[in-house]
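Here's the structure, in C-alpha cells; my notes come after.
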Amino acid sequence: MPEAATSLRTRVGVADLADIGRGAAVLGTGGGGDPHIGGLLAGAAMRAHGPVDLAPLEDLPDDAVVLPVAMMGAPTVMVEKLPSADQVGRAIRVLTDHLGLEVTHLACIEAGGVNSLIPFVGAAELGLPLLDADGMGRAFPELQMVLPTVYGIRGTPMSIVDEKGNSGVLDTVDNRWAERFARSVTIDMGCSAMISNYWMTGAQARRALVPGTLSLAARIGRTLTAARTSGDPAGAVADLLGGTVLFTGKVTDVARRTTTGFARGEARLDGTGTDAGSELLLEFQNEFLVAVRDGRTVSTVPDLICALDTQTGEAVRTEGLRFGHRITVLAAPCDERWHSPAGLALAGPRVFGYESDPVRATPHDVPTPTEAHP
Amino acid sequence: MRIGIDVGGTNTDAVLLDDDGSVLAAVKCSTSADVSGGIVAALSGLQDRRAFDPAGVRAVMIGTTHFINALVEARRLAPTAALRLGLPATASLPPMVDWPERLVQAVSGRAYLAHGGHEFDGRTISALDEDELRRHAADMAAHGVRSVAITSVFSPVNTEFELRAAEVLAAELPHVAISLSHEIGRIGLLERENATVVNAALRELAGGIVDGLRASVAGAGIDAPIYLSSNDGTLLDVEHARRYPVSTFASGPTNSMRGAAVLSGVHTCAVVDVGGTTSDVGVLQRGFPREATTEVSVAGIRTNFRMPDVLSIGIGGGSLVRGEGSAVRVGPESVGFRLVEEALVFGGSTLTATDIAVAAGRADIGDASRVAHLDPAFVRAALERIAVDVADAVDRMRTSAQPLPVVAVGGGSVLLPDRLAGAGEVLRPENFAVANAIGAAIAQVGGEVDRVFSIEPGKRTEVLDTARAEAAERAVAAGADPGTVEVLEVDEVPLPYLPGGATRIRVKAVGDLQLAPARREAVHA
C-alpha cells in the first residue's frame, strides 16, 4: 500500500461517512459486509453525541490503551437484524471492566466493509478518539487474520455481546481458538454479535496496526465521486492504491457453495473493450482471493482484488455478483507485512486451500522478514 | 377479447386484442388528472375505431404510473405509522431513519418499536407483547394515523408475528389499513420496511383509484375482471392492487418491453424504447424483463422491490443535434414535449433528431421541405452517431456472447438503423407506438418464494423442489391456469458463517391468467 498516513488530526462528521463507507467497501475486496448499515449507525451516534476525532497512529503515546471494536457475524443477517448502537459501548465496557483498564483510544480491526464504521459509533458515544489505522489494511474472514497476531498480540481476553443484554468474556490459548469459540457464541447470539479484543498499548499499536487506512478509505470515496464524471473510476482507484486494473468485463457465470462456513464460489467474466476475447476467473471465499486470466493466475491473496461496477465505480460484494453485472477488477498491493512468512502463514493463499505461492500484479517492495518478528 | 390500457404521465394508450392476441384496435388519448376520465375516453376511442360488444370483453388490464407519481410528488399520502417488531434488536435505526425529511412529513410518518421478531433460524428474538401493541395502537389513534405498516425482523422466514400483530391492531383500530412487510419485500429490513411504509401511505389513494377504474370500465358496459400490471410484468387483481399499490411502481417500462416481445414474437431480446428525450434499453429473458441487481431508490427512499434493469441514454426524437461535418453531437439535451413547436419540420428553429430522420427519408412527419437544405453527409453522420451510441448501450446490457435480437419500439424508433453493430437486425413490429398497452394486456400471473431454507447434506434437490412447488402454488392461487405454470427463475445464495447449510432461495413461477368464459348473454338477460 502506498504512503497513506496523514499527520493531521482530523475530525470526522456525519457528512464524511458516505465517502469512508464507499472507500471501505473497496478495501473490503468483496467481503466485509455492506457499509450502508454501519454508516447509518455511525451517523445516528454522531447526531446524538457529536463528531469523532481521528488520531494519527504515529503520534500515539507508548502508554495509550487501544481497544479495537468490531461486529462479528453474517453480513446477510446484519441487514435484517440491525445491530444496536448500545452493543458497541457494552462490548467495550465488558472488556475494560474485565481488564481493569481505562481505554484511551478505539481502533478498527479491519479497514474493509462495515467494521470500518462500527468503531465510530463507540467513539462518538464514549467521546474517545479513533485511530486512523486498522489491523489488516483490508478485510479477512477470520478473527485471527490480523497483523497483531503476527506480532504476538493476544486476541483474548475478548468480550462478546448481543442486543438482548447477554455478554461473555473469552480467554483462549491462541487466536485461532478465539475465532472458534467466538464463532460458536456468535451463532447462538443470532449470528450477529459485537466484540472487542486485541487490546494493546500505544507502543504495540504503532508497530502492529496499518496506518492511515480510514483516511485512505475517505480518499477512495472522494476519488470515486470525482471520477464518475471522468468515466474511469476503477482506473483512478487503482492509481490511488498503487495498483493496476486487471480486467473489464461482464459476469457470465457465478457458482456458489458453502463449505466450512465460508461463502465460496467463483465468477467468470467475459472481457469487453480492450479485454474482449479474454476471460477472467475470480475465486472467492467471502473475499476475492484469486484472479485467473485465460488460465494464468494474475493476482492472489493477500494482495487486494477489488471488483467495481464499471459505470458507477461502486464496490461489488461477492454476495451481490450476478450474471450480467458489468465490472472492472483491479489488484492492489496489501500491507507488505502480509507477505512475510508469518503473514503468509496466517492469510496467504495456502491458508485458503490454494496450492500456490502468492502472485502479485504490481511492482512492490521486498518484505523484510525481521520486520514481522519483533 | 381483452383490453389493455397504459396510463402514462402524458398519454393514455389502449388496445383491443382478440383472444388469439391479434390487435383489433388501438388508440392514444390524453391522460386526465383523475385517471378515470382518460380511461373513459380510451374505451370510447376503441369503440369508435372498431365497434365491439362490451359483454365479449373477458378482462381489462391496466398499467399506471399513478402511484409512483403520487409518491414522487408527495401528494395524497395517508397519515401512516410504521410499526416494527424486533426489540431489543434494531432500536438504533428506527423506521424511516433514512428517508428524506420531506417525505416523512408528507406521510405524517410515526415510528413505533415493539418486541417481537425472529432470528435467522426461526428462534424468536423476544415474545410479542400484545399490551405494548395496544398502547401503540392508542397512540396511533390519538395522532390520526389512517394506515399502518408492520415489519417484523426476519418475517420472510417466519410470518407469525406480523400476522398476529395485524390482528391485535385491527381489533383496536378497525378503520385503519394494515400492510405487512412479508407480503411486500424480501430480506433486508430497512428496504423491506421502507417499501411497506410507502405501500401503506398509498392505500387510501389506491382504494379511490381502483374504485374509479371499476366505475369507468363498468360505465362502458364491460362486466369483466380488471387487473393492474405489476413491476415484474405479472398481473394483480383489483383487490391486490388495493392492498399492494407499491407493486405497480415500475409497470411502465415493464409493459413496454413485454409488449415489444409480443409484437415481434421474440421473447429473449434487447428492447430499445425510443421516446422524446431518452432511449431506454432493457433485456427480456423468456418474455420477462431482467431485474436490476442493486437496491433501487424511489423518490430518495431505498427499497428492494423487483425493478427491471433499464439503461437510459439521452437520445430521443427531441434530442438537439449540433456540430459540423462528421463531428456531430446528438443529445442529451432535448426539446422534450415542445418538439411540435421547436423542430424544423414543424416550423421551429431547433435542429432535432426528428428533423434528421425526416431529412434521411426515414420518417414522414411535418414539412420535409424545411430540412431539404441539410447536408446529406451531415445527416448520415448524425444517424451514425445515434447508431453507435445505441449499439453501445445494447452491448452494455448484453450478458453473453450469444446473439441478442434487438426490438425497437416507441415513436422515436425511426432514428435507429436496420442493423446495429454487434447486435444484428433491428426488428420494428407493427403497432410499436402502443407496445405498452399491449404489454399490459398480455401480462401473466406470478407466484414467488424468497426465504432462508436450511439445507441438510444431500437434501438440496428436495428443498429446491419444495420451493418450486410453493412458487407454482402461489401463482395458481393468484389466478394462473395450473396447466401453464412454469418456473421462471431459481436463485440460490448460501449464507456465510451460518450452520445447517442455510441458503436463501428465490423462485419465481408464472402462468397464463385463467380467464372466465365471455358472458355475452349476461348483458341481455
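To be explicit about the labels: the chains of the C-alpha cells are called A, B, and onward in the order shown, and within each one the residues are counted from 1, while ligands get numbers from 1 in the order they are shown.
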For this session: Excluding A:Gly168 and residues on its chain fewer than 6 positions from it, collect all residues at most 9 Å away from it, counting only C-alpha atoms, and give them as a list in words.
Result: Val94, Met158, Ser159, Ile160, Val161 and Val185 of chain A
Could you write those residues out with all heavy atoms, as a PDB file, in the first residue's frame?
```
ATOM      1  N   VAL A  94     -17.590  -4.156  28.850  1.00  0.00           N
ATOM      2  CA  VAL A  94     -17.420  -5.513  29.386  1.00  0.00           C
ATOM      3  C   VAL A  94     -15.928  -5.877  29.422  1.00  0.00           C
ATOM      4  O   VAL A  94     -15.419  -6.426  30.395  1.00  0.00           O
ATOM      5  CB  VAL A  94     -18.222  -6.542  28.551  1.00  0.00           C
ATOM      6  CG1 VAL A  94     -17.802  -7.978  28.894  1.00  0.00           C
ATOM      7  CG2 VAL A  94     -19.709  -6.359  28.790  1.00  0.00           C
ATOM      8  N   MET A 158     -11.363 -11.447  25.234  1.00  0.00           N
ATOM      9  CA  MET A 158     -12.247 -10.695  24.356  1.00  0.00           C
ATOM     10  C   MET A 158     -13.669 -10.706  24.896  1.00  0.00           C
ATOM     11  O   MET A 158     -14.093 -11.661  25.537  1.00  0.00           O
ATOM     12  CB  MET A 158     -12.216 -11.263  22.922  1.00  0.00           C
ATOM     13  CG  MET A 158     -12.993 -12.546  22.696  1.00  0.00           C
ATOM     14  SD  MET A 158     -13.016 -12.997  20.922  1.00  0.00           S
ATOM     15  CE  MET A 158     -14.492 -12.144  20.381  1.00  0.00           C
ATOM     16  N   SER A 159     -14.352  -9.595  24.651  1.00  0.00           N
ATOM     17  CA  SER A 159     -15.764  -9.530  25.054  1.00  0.00           C
ATOM     18  C   SER A 159     -16.621  -9.831  23.840  1.00  0.00           C
ATOM     19  O   SER A 159     -16.234  -9.582  22.698  1.00  0.00           O
ATOM     20  CB  SER A 159     -16.089  -8.141  25.585  1.00  0.00           C
ATOM     21  OG  SER A 159     -15.899  -7.187  24.562  1.00  0.00           O
ATOM     22  N   ILE A 160     -17.800 -10.383  24.106  1.00  0.00           N
ATOM     23  CA  ILE A 160     -18.764 -10.628  23.022  1.00  0.00           C
ATOM     24  C   ILE A 160     -20.152 -10.360  23.598  1.00  0.00           C
ATOM     25  O   ILE A 160     -20.480 -10.868  24.671  1.00  0.00           O
ATOM     26  CB  ILE A 160     -18.585 -12.052  22.437  1.00  0.00           C
ATOM     27  CG1 ILE A 160     -19.560 -12.303  21.283  1.00  0.00           C
ATOM     28  CG2 ILE A 160     -18.721 -13.148  23.505  1.00  0.00           C
ATOM     29  CD1 ILE A 160     -19.132 -13.458  20.385  1.00  0.00           C
ATOM     30  N   VAL A 161     -20.933  -9.514  22.932  1.00  0.00           N
ATOM     31  CA  VAL A 161     -22.243  -9.135  23.484  1.00  0.00           C
ATOM     32  C   VAL A 161     -23.311  -9.200  22.388  1.00  0.00           C
ATOM     33  O   VAL A 161     -23.018  -8.999  21.211  1.00  0.00           O
ATOM     34  CB  VAL A 161     -22.232  -7.709  24.095  1.00  0.00           C
ATOM     35  CG1 VAL A 161     -21.099  -7.554  25.096  1.00  0.00           C
ATOM     36  CG2 VAL A 161     -22.132  -6.650  23.015  1.00  0.00           C
ATOM     37  N   VAL A 185     -20.347 -18.803  19.745  1.00  0.00           N
ATOM     38  CA  VAL A 185     -21.183 -17.900  20.545  1.00  0.00           C
ATOM     39  C   VAL A 185     -21.980 -16.975  19.618  1.00  0.00           C
ATOM     40  O   VAL A 185     -23.168 -16.717  19.841  1.00  0.00           O
ATOM     41  CB  VAL A 185     -20.312 -17.090  21.535  1.00  0.00           C
ATOM     42  CG1 VAL A 185     -21.164 -16.075  22.290  1.00  0.00           C
ATOM     43  CG2 VAL A 185     -19.601 -18.021  22.508  1.00  0.00           C
TER      44      VAL A 185
END
```
Run DSSP on the backbone and tell me which residues of stretch 29-136 of chain B come out as alpha helix (DSSP H); list them as a tab-separated table (two decimals) with N, CA, C and O atoms, in the first residue's frame.
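Full text of states-v3.tsv as output:
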```tsv
chain	number	residue	atom	x	y	z
B	36	SER	N	-59.63	8.28	-14.27
B	36	SER	CA	-60.85	7.68	-14.82
B	36	SER	C	-61.25	8.33	-16.14
B	36	SER	O	-61.64	7.64	-17.09
B	37	GLY	N	-61.13	9.65	-16.22
B	37	GLY	CA	-61.53	10.37	-17.43
B	37	GLY	C	-60.78	9.85	-18.65
B	37	GLY	O	-61.36	9.63	-19.72
B	38	GLY	N	-59.47	9.62	-18.49
B	38	GLY	CA	-58.65	9.11	-19.59
B	38	GLY	C	-59.08	7.72	-19.99
B	38	GLY	O	-59.08	7.37	-21.18
B	39	ILE	N	-59.47	6.92	-19.00
B	39	ILE	CA	-59.90	5.55	-19.28
B	39	ILE	C	-61.21	5.57	-20.08
B	39	ILE	O	-61.37	4.85	-21.07
B	40	VAL	N	-62.14	6.43	-19.64
B	40	VAL	CA	-63.43	6.54	-20.34
B	40	VAL	C	-63.19	6.94	-21.79
B	40	VAL	O	-63.73	6.33	-22.73
B	41	ALA	N	-62.31	7.95	-21.99
B	41	ALA	CA	-62.03	8.42	-23.35
B	41	ALA	C	-61.38	7.30	-24.18
B	41	ALA	O	-61.71	7.12	-25.35
B	42	ALA	N	-60.46	6.55	-23.55
B	42	ALA	CA	-59.77	5.49	-24.28
B	42	ALA	C	-60.74	4.39	-24.70
B	42	ALA	O	-60.70	3.90	-25.83
B	43	LEU	N	-61.65	4.02	-23.78
B	43	LEU	CA	-62.61	2.96	-24.10
B	43	LEU	C	-63.55	3.39	-25.21
B	43	LEU	O	-63.84	2.62	-26.14
B	44	SER	N	-64.00	4.66	-25.16
B	44	SER	CA	-64.92	5.08	-26.23
B	44	SER	C	-64.13	5.26	-27.53
B	44	SER	O	-64.66	5.04	-28.62
B	45	GLY	N	-62.84	5.62	-27.42
B	45	GLY	CA	-61.99	5.69	-28.61
B	45	GLY	C	-61.88	4.34	-29.30
B	45	GLY	O	-61.93	4.24	-30.53
B	46	LEU	N	-61.74	3.28	-28.50
B	46	LEU	CA	-61.67	1.94	-29.09
B	46	LEU	C	-62.97	1.59	-29.79
B	46	LEU	O	-62.97	1.01	-30.88
B	47	GLN	N	-64.11	1.95	-29.15
B	47	GLN	CA	-65.42	1.70	-29.77
B	47	GLN	C	-65.53	2.40	-31.12
B	47	GLN	O	-66.05	1.85	-32.08
B	48	ASP	N	-64.99	3.65	-31.17
B	48	ASP	CA	-65.04	4.41	-32.43
B	48	ASP	C	-64.23	3.72	-33.52
B	48	ASP	O	-64.62	3.69	-34.69
B	49	ARG	N	-63.04	3.21	-33.12
B	49	ARG	CA	-62.18	2.57	-34.12
B	49	ARG	C	-62.80	1.27	-34.63
B	49	ARG	O	-62.67	0.93	-35.79
B	66	HIS	N	-49.56	6.06	-11.86
B	66	HIS	CA	-50.20	6.99	-10.93
B	66	HIS	C	-49.63	6.91	-9.52
B	66	HIS	O	-49.41	7.92	-8.87
B	67	PHE	N	-49.37	5.68	-9.05
B	67	PHE	CA	-48.95	5.54	-7.65
B	67	PHE	C	-47.52	6.01	-7.43
B	67	PHE	O	-47.22	6.67	-6.44
B	68	ILE	N	-46.65	5.69	-8.37
B	68	ILE	CA	-45.26	6.15	-8.18
B	68	ILE	C	-45.21	7.67	-8.31
B	68	ILE	O	-44.48	8.33	-7.57
B	69	ASN	N	-46.04	8.24	-9.20
B	69	ASN	CA	-46.05	9.70	-9.31
B	69	ASN	C	-46.58	10.35	-8.04
B	69	ASN	O	-46.08	11.40	-7.63
B	70	ALA	N	-47.57	9.72	-7.40
B	70	ALA	CA	-48.10	10.26	-6.15
B	70	ALA	C	-47.00	10.32	-5.10
B	70	ALA	O	-46.90	11.28	-4.33
B	71	LEU	N	-46.14	9.29	-5.06
B	71	LEU	CA	-45.05	9.30	-4.09
B	71	LEU	C	-44.02	10.37	-4.44
B	71	LEU	O	-43.61	11.16	-3.59
B	72	VAL	N	-43.63	10.41	-5.73
B	72	VAL	CA	-42.61	11.37	-6.15
B	72	VAL	C	-43.09	12.79	-5.87
B	72	VAL	O	-42.33	13.64	-5.40
B	101	GLU	N	-36.56	14.03	4.73
B	101	GLU	CA	-37.48	14.62	5.72
B	101	GLU	C	-38.81	15.03	5.08
B	101	GLU	O	-39.88	14.85	5.66
B	102	ARG	N	-38.73	15.52	3.85
B	102	ARG	CA	-39.93	15.98	3.12
B	102	ARG	C	-40.96	14.85	3.02
B	102	ARG	O	-42.16	15.07	3.18
B	103	LEU	N	-40.49	13.63	2.77
B	103	LEU	CA	-41.44	12.52	2.61
B	103	LEU	C	-41.94	12.00	3.95
B	103	LEU	O	-43.08	11.56	4.06
B	104	VAL	N	-41.10	12.07	4.99
B	104	VAL	CA	-41.58	11.69	6.32
B	104	VAL	C	-42.76	12.59	6.67
B	104	VAL	O	-43.80	12.13	7.17
B	105	GLN	N	-42.62	13.88	6.37
B	105	GLN	CA	-43.71	14.81	6.67
B	105	GLN	C	-44.92	14.54	5.77
B	105	GLN	O	-46.06	14.62	6.23
B	106	ALA	N	-44.66	14.24	4.52
B	106	ALA	CA	-45.77	14.02	3.58
B	106	ALA	C	-46.64	12.84	4.02
B	106	ALA	O	-47.84	12.82	3.74
B	130	GLU	N	-48.58	-8.05	23.56
B	130	GLU	CA	-49.82	-7.51	22.97
B	130	GLU	C	-50.28	-6.23	23.67
B	130	GLU	O	-50.89	-5.37	23.03
B	131	ASP	N	-49.99	-6.12	24.97
B	131	ASP	CA	-50.34	-4.87	25.66
B	131	ASP	C	-49.55	-3.70	25.09
B	131	ASP	O	-50.07	-2.59	24.93
B	132	GLU	N	-48.29	-3.97	24.79
B	132	GLU	CA	-47.45	-2.93	24.19
B	132	GLU	C	-48.04	-2.50	22.84
B	132	GLU	O	-48.12	-1.31	22.54
B	133	LEU	N	-48.52	-3.49	22.06
B	133	LEU	CA	-49.12	-3.17	20.77
B	133	LEU	C	-50.38	-2.33	20.95
B	133	LEU	O	-50.64	-1.39	20.19
B	134	ARG	N	-51.17	-2.67	21.97
B	134	ARG	CA	-52.40	-1.90	22.21
B	134	ARG	C	-52.08	-0.47	22.61
B	134	ARG	O	-52.78	0.47	22.23
B	135	ARG	N	-51.02	-0.30	23.42
B	135	ARG	CA	-50.62	1.07	23.79
B	135	ARG	C	-50.20	1.86	22.54
B	135	ARG	O	-50.57	3.02	22.38
B	136	HIS	N	-49.44	1.20	21.67
B	136	HIS	CA	-49.05	1.87	20.41
B	136	HIS	C	-50.30	2.21	19.59
B	136	HIS	O	-50.40	3.29	19.01
```
I'd like a table as CSV: residues in chain A with an atom no more than 8 Å from chain B, each row giving the shortest atom pair and its distance in Å to one decimal, only C-alpha atoms counted, sorted by chain and rising residue number.
```
residue,atom,partner,partner_atom,distance
A:Leu40,CA,B:Leu93,CA,7.4
A:Leu41,CA,B:Leu93,CA,6.8
A:Ala44,CA,B:Ser92,CA,7.6
A:Gly73,CA,B:Tyr497,CA,7.0
A:Ala74,CA,B:Tyr497,CA,5.9
A:Pro75,CA,B:Pro496,CA,7.9
A:Thr76,CA,B:Leu495,CA,6.7
A:Val77,CA,B:Phe120,CA,6.7
A:Val79,CA,B:Gly188,CA,5.0
A:Glu80,CA,B:Leu189,CA,4.5
A:Lys81,CA,B:Val153,CA,6.0
A:Leu82,CA,B:Thr90,CA,4.6
A:Pro83,CA,B:Thr90,CA,5.8
A:Ser84,CA,B:Ser92,CA,5.2
A:Ala85,CA,B:Ser92,CA,5.6
A:Asp86,CA,B:Ser92,CA,7.9
A:Glu163,CA,B:Ala89,CA,5.5
A:Lys164,CA,B:Pro88,CA,5.9
A:Ile187,CA,B:Leu498,CA,7.0
A:Gly190,CA,B:Glu119,CA,5.5
A:Cys191,CA,B:Leu498,CA,7.2
A:Lys250,CA,B:Thr399,CA,6.6
A:Val251,CA,B:Thr399,CA,7.3
A:Thr252,CA,B:Ser400,CA,6.3
A:Arg256,CA,B:Val493,CA,7.0
A:Arg257,CA,B:Pro494,CA,6.4
A:Thr258,CA,B:Pro494,CA,5.8
A:Thr260,CA,B:Tyr497,CA,7.9
A:Gly261,CA,B:Tyr497,CA,4.2
A:Phe262,CA,B:Pro496,CA,5.0
A:Ala263,CA,B:Pro496,CA,4.7
A:Asp270,CA,B:Ser400,CA,7.9
A:Asn286,CA,B:Pro496,CA,7.3
A:Glu319,CA,B:Val493,CA,7.5
A:Gly320,CA,B:Thr293,CA,7.3
A:Arg322,CA,B:Thr293,CA,6.9
A:Phe323,CA,B:Thr399,CA,7.0
A:Gly324,CA,B:Thr399,CA,4.4
A:His325,CA,B:Thr399,CA,7.8
A:Arg326,CA,B:Arg396,CA,7.6
```
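Picture a line from atom CA of A:Leu214 to atom CA of A:Asp132; it runs 5.3 Å.
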Exercise. Got a sec: who's within 10 Å of A:Glu110, counting only C-alpha atoms, leaving out chain neighbours fewer than 2 positions off, as a PyMOL selection string?
Worked result: chain A and resi 24+27-28+32+68-70+107-108+112-117+133-141+143+145-146+209-210+213-214
Fewer than 4 positions away in the same chain doesn't count, so skip those; otherwise give me all residues within 9 Å of B:Glu486, counting only C-alpha atoms, as an mmCIF file with all heavy atoms, in the first residue's frame.
```cif
data_model
loop_
_atom_site.group_PDB
_atom_site.id
_atom_site.type_symbol
_atom_site.label_atom_id
_atom_site.label_comp_id
_atom_site.auth_asym_id
_atom_site.auth_seq_id
_atom_site.Cartn_x
_atom_site.Cartn_y
_atom_site.Cartn_z
ATOM 1 N N ALA B 472 -45.134 -22.249 -7.527
ATOM 2 C CA ALA B 472 -46.173 -22.601 -8.501
ATOM 3 C C ALA B 472 -47.559 -22.532 -7.855
ATOM 4 O O ALA B 472 -48.500 -22.005 -8.450
ATOM 5 C CB ALA B 472 -45.907 -23.997 -9.068
ATOM 6 N N LYS B 508 -39.296 -17.920 -8.823
ATOM 7 C CA LYS B 508 -40.418 -17.197 -9.419
ATOM 8 C C LYS B 508 -41.101 -18.117 -10.426
ATOM 9 O O LYS B 508 -40.439 -18.699 -11.277
ATOM 10 C CB LYS B 508 -39.889 -15.939 -10.105
ATOM 11 C CG LYS B 508 -40.972 -15.015 -10.591
ATOM 12 C CD LYS B 508 -40.456 -13.596 -10.654
ATOM 13 C CE LYS B 508 -40.301 -13.155 -12.089
ATOM 14 N NZ LYS B 508 -39.689 -11.830 -12.206
ATOM 15 N N ALA B 509 -42.414 -18.238 -10.306
ATOM 16 C CA ALA B 509 -43.183 -19.038 -11.252
ATOM 17 C C ALA B 509 -44.245 -18.140 -11.882
ATOM 18 O O ALA B 509 -44.741 -17.216 -11.230
ATOM 19 C CB ALA B 509 -43.853 -20.206 -10.536
ATOM 20 N N VAL B 510 -44.582 -18.404 -13.146
ATOM 21 C CA VAL B 510 -45.651 -17.636 -13.800
ATOM 22 C C VAL B 510 -46.528 -18.559 -14.626
ATOM 23 O O VAL B 510 -46.117 -19.647 -15.018
ATOM 24 C CB VAL B 510 -45.120 -16.534 -14.745
ATOM 25 C CG1 VAL B 510 -44.407 -15.462 -13.990
ATOM 26 C CG2 VAL B 510 -44.255 -17.135 -15.822
ATOM 27 N N GLY B 511 -47.724 -18.096 -14.890
ATOM 28 C CA GLY B 511 -48.623 -18.838 -15.764
ATOM 29 C C GLY B 511 -49.608 -17.881 -16.408
ATOM 30 O O GLY B 511 -49.727 -16.727 -16.009
#
```
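Within stretch 272-327 of chain A, DSSP run on the backbone puts these residues in strand (DSSP E or B): Glu279, Leu280, Leu281, Leu282, Glu283, Phe284, Gln285, Glu287, Phe288, Leu289, Val290, Ala291, Val292, Arg293, Arg296, Thr297, Val298, Ser299, Thr300, Leu304, Ile305, Cys306, Ala307, Leu308, Asp309, Ala315, Arg326 and Ile327 of chain A.
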For this session: Would you kindly return, as a PyMOL selection string, each protein, DNA or RNA residue with an atom no farther than 12 Å from any atom of B:Asp375, considering only C-alpha atoms and excluding same-chain residues fewer than 2 positions away?
Result: chain B and resi 324-326+356+359-360+371-373+377-382
If you keep N, CA, C and O atoms, can you produce a file of those selected residues as an mmCIF file, in the first residue's frame?
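Resulting contents of result18.cif:
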```
data_model
loop_
_atom_site.group_PDB
_atom_site.id
_atom_site.type_symbol
_atom_site.label_atom_id
_atom_site.label_comp_id
_atom_site.auth_asym_id
_atom_site.auth_seq_id
_atom_site.Cartn_x
_atom_site.Cartn_y
_atom_site.Cartn_z
ATOM 1 N N GLU B 324 -20.615 20.093 -36.834
ATOM 2 C CA GLU B 324 -20.458 20.265 -38.276
ATOM 3 C C GLU B 324 -19.726 19.072 -38.851
ATOM 4 O O GLU B 324 -18.962 18.414 -38.141
ATOM 5 N N GLY B 325 -19.947 18.836 -40.142
ATOM 6 C CA GLY B 325 -19.239 17.747 -40.805
ATOM 7 C C GLY B 325 -19.476 16.434 -40.096
ATOM 8 O O GLY B 325 -20.615 16.061 -39.829
ATOM 9 N N SER B 326 -18.370 15.760 -39.763
ATOM 10 C CA SER B 326 -18.544 14.453 -39.123
ATOM 11 C C SER B 326 -18.528 14.562 -37.600
ATOM 12 O O SER B 326 -18.784 13.587 -36.905
ATOM 13 N N ILE B 356 -33.572 15.120 -38.509
ATOM 14 C CA ILE B 356 -32.598 14.258 -39.180
ATOM 15 C C ILE B 356 -33.306 13.048 -39.806
ATOM 16 O O ILE B 356 -33.047 12.669 -40.954
ATOM 17 N N ALA B 359 -35.127 14.220 -42.858
ATOM 18 C CA ALA B 359 -34.195 14.547 -43.949
ATOM 19 C C ALA B 359 -33.641 13.285 -44.609
ATOM 20 O O ALA B 359 -33.372 13.255 -45.803
ATOM 21 N N ALA B 360 -33.490 12.217 -43.779
ATOM 22 C CA ALA B 360 -32.948 10.967 -44.315
ATOM 23 C C ALA B 360 -34.021 10.117 -44.973
ATOM 24 O O ALA B 360 -33.731 9.029 -45.468
ATOM 25 N N VAL B 371 -36.250 20.786 -44.175
ATOM 26 C CA VAL B 371 -34.952 20.193 -43.844
ATOM 27 C C VAL B 371 -34.181 19.795 -45.116
ATOM 28 O O VAL B 371 -33.159 19.117 -45.035
ATOM 29 N N ALA B 372 -34.692 20.236 -46.272
ATOM 30 C CA ALA B 372 -34.066 19.866 -47.545
ATOM 31 C C ALA B 372 -32.658 20.428 -47.669
ATOM 32 O O ALA B 372 -31.819 19.894 -48.391
ATOM 33 N N HIS B 373 -32.387 21.523 -46.924
ATOM 34 C CA HIS B 373 -31.083 22.180 -47.042
ATOM 35 C C HIS B 373 -29.976 21.431 -46.293
ATOM 36 O O HIS B 373 -28.803 21.731 -46.460
ATOM 37 N N ALA B 377 -24.224 14.494 -46.005
ATOM 38 C CA ALA B 377 -23.115 13.912 -45.240
ATOM 39 C C ALA B 377 -23.308 14.155 -43.747
ATOM 40 O O ALA B 377 -23.029 13.286 -42.911
ATOM 41 N N PHE B 378 -23.816 15.355 -43.412
ATOM 42 C CA PHE B 378 -24.070 15.687 -42.015
ATOM 43 C C PHE B 378 -25.201 14.809 -41.451
ATOM 44 O O PHE B 378 -25.121 14.300 -40.343
ATOM 45 N N VAL B 379 -26.239 14.627 -42.253
ATOM 46 C CA VAL B 379 -27.371 13.789 -41.822
ATOM 47 C C VAL B 379 -26.899 12.366 -41.562
ATOM 48 O O VAL B 379 -27.242 11.751 -40.546
ATOM 49 N N ARG B 380 -26.055 11.853 -42.504
ATOM 50 C CA ARG B 380 -25.527 10.493 -42.317
ATOM 51 C C ARG B 380 -24.693 10.406 -41.045
ATOM 52 O O ARG B 380 -24.801 9.449 -40.279
ATOM 53 N N ALA B 381 -23.873 11.460 -40.804
ATOM 54 C CA ALA B 381 -23.011 11.444 -39.617
ATOM 55 C C ALA B 381 -23.853 11.446 -38.329
ATOM 56 O O ALA B 381 -23.523 10.774 -37.346
ATOM 57 N N ALA B 382 -24.961 12.199 -38.335
ATOM 58 C CA ALA B 382 -25.822 12.257 -37.145
ATOM 59 C C ALA B 382 -26.468 10.898 -36.897
ATOM 60 O O ALA B 382 -26.513 10.414 -35.756
#
```
Problem set entry | Exercise: stretch 364-367 of chain B partners within 8 Å, only C-alpha atoms, chain neighbours under 2 positions left out, as a list of chain:residue names | B:Val345, B:Phe346, B:Gly347, B:Val358, B:Gly361, B:Arg362, B:Ser369, B:Arg370, B:Val371
Exercise. Any idea what's packed within 10 Å of stretch 231-241 of chain B, counting only C-alpha atoms, ignoring anything in its chain fewer than 4 positions away? Could you give it as a PyMOL selection string?
Worked result: chain B and resi 61-63+203+206-207+209-211+213-214+225-227+245-258+287-291+305-308+439-447+475+478-480+510-513
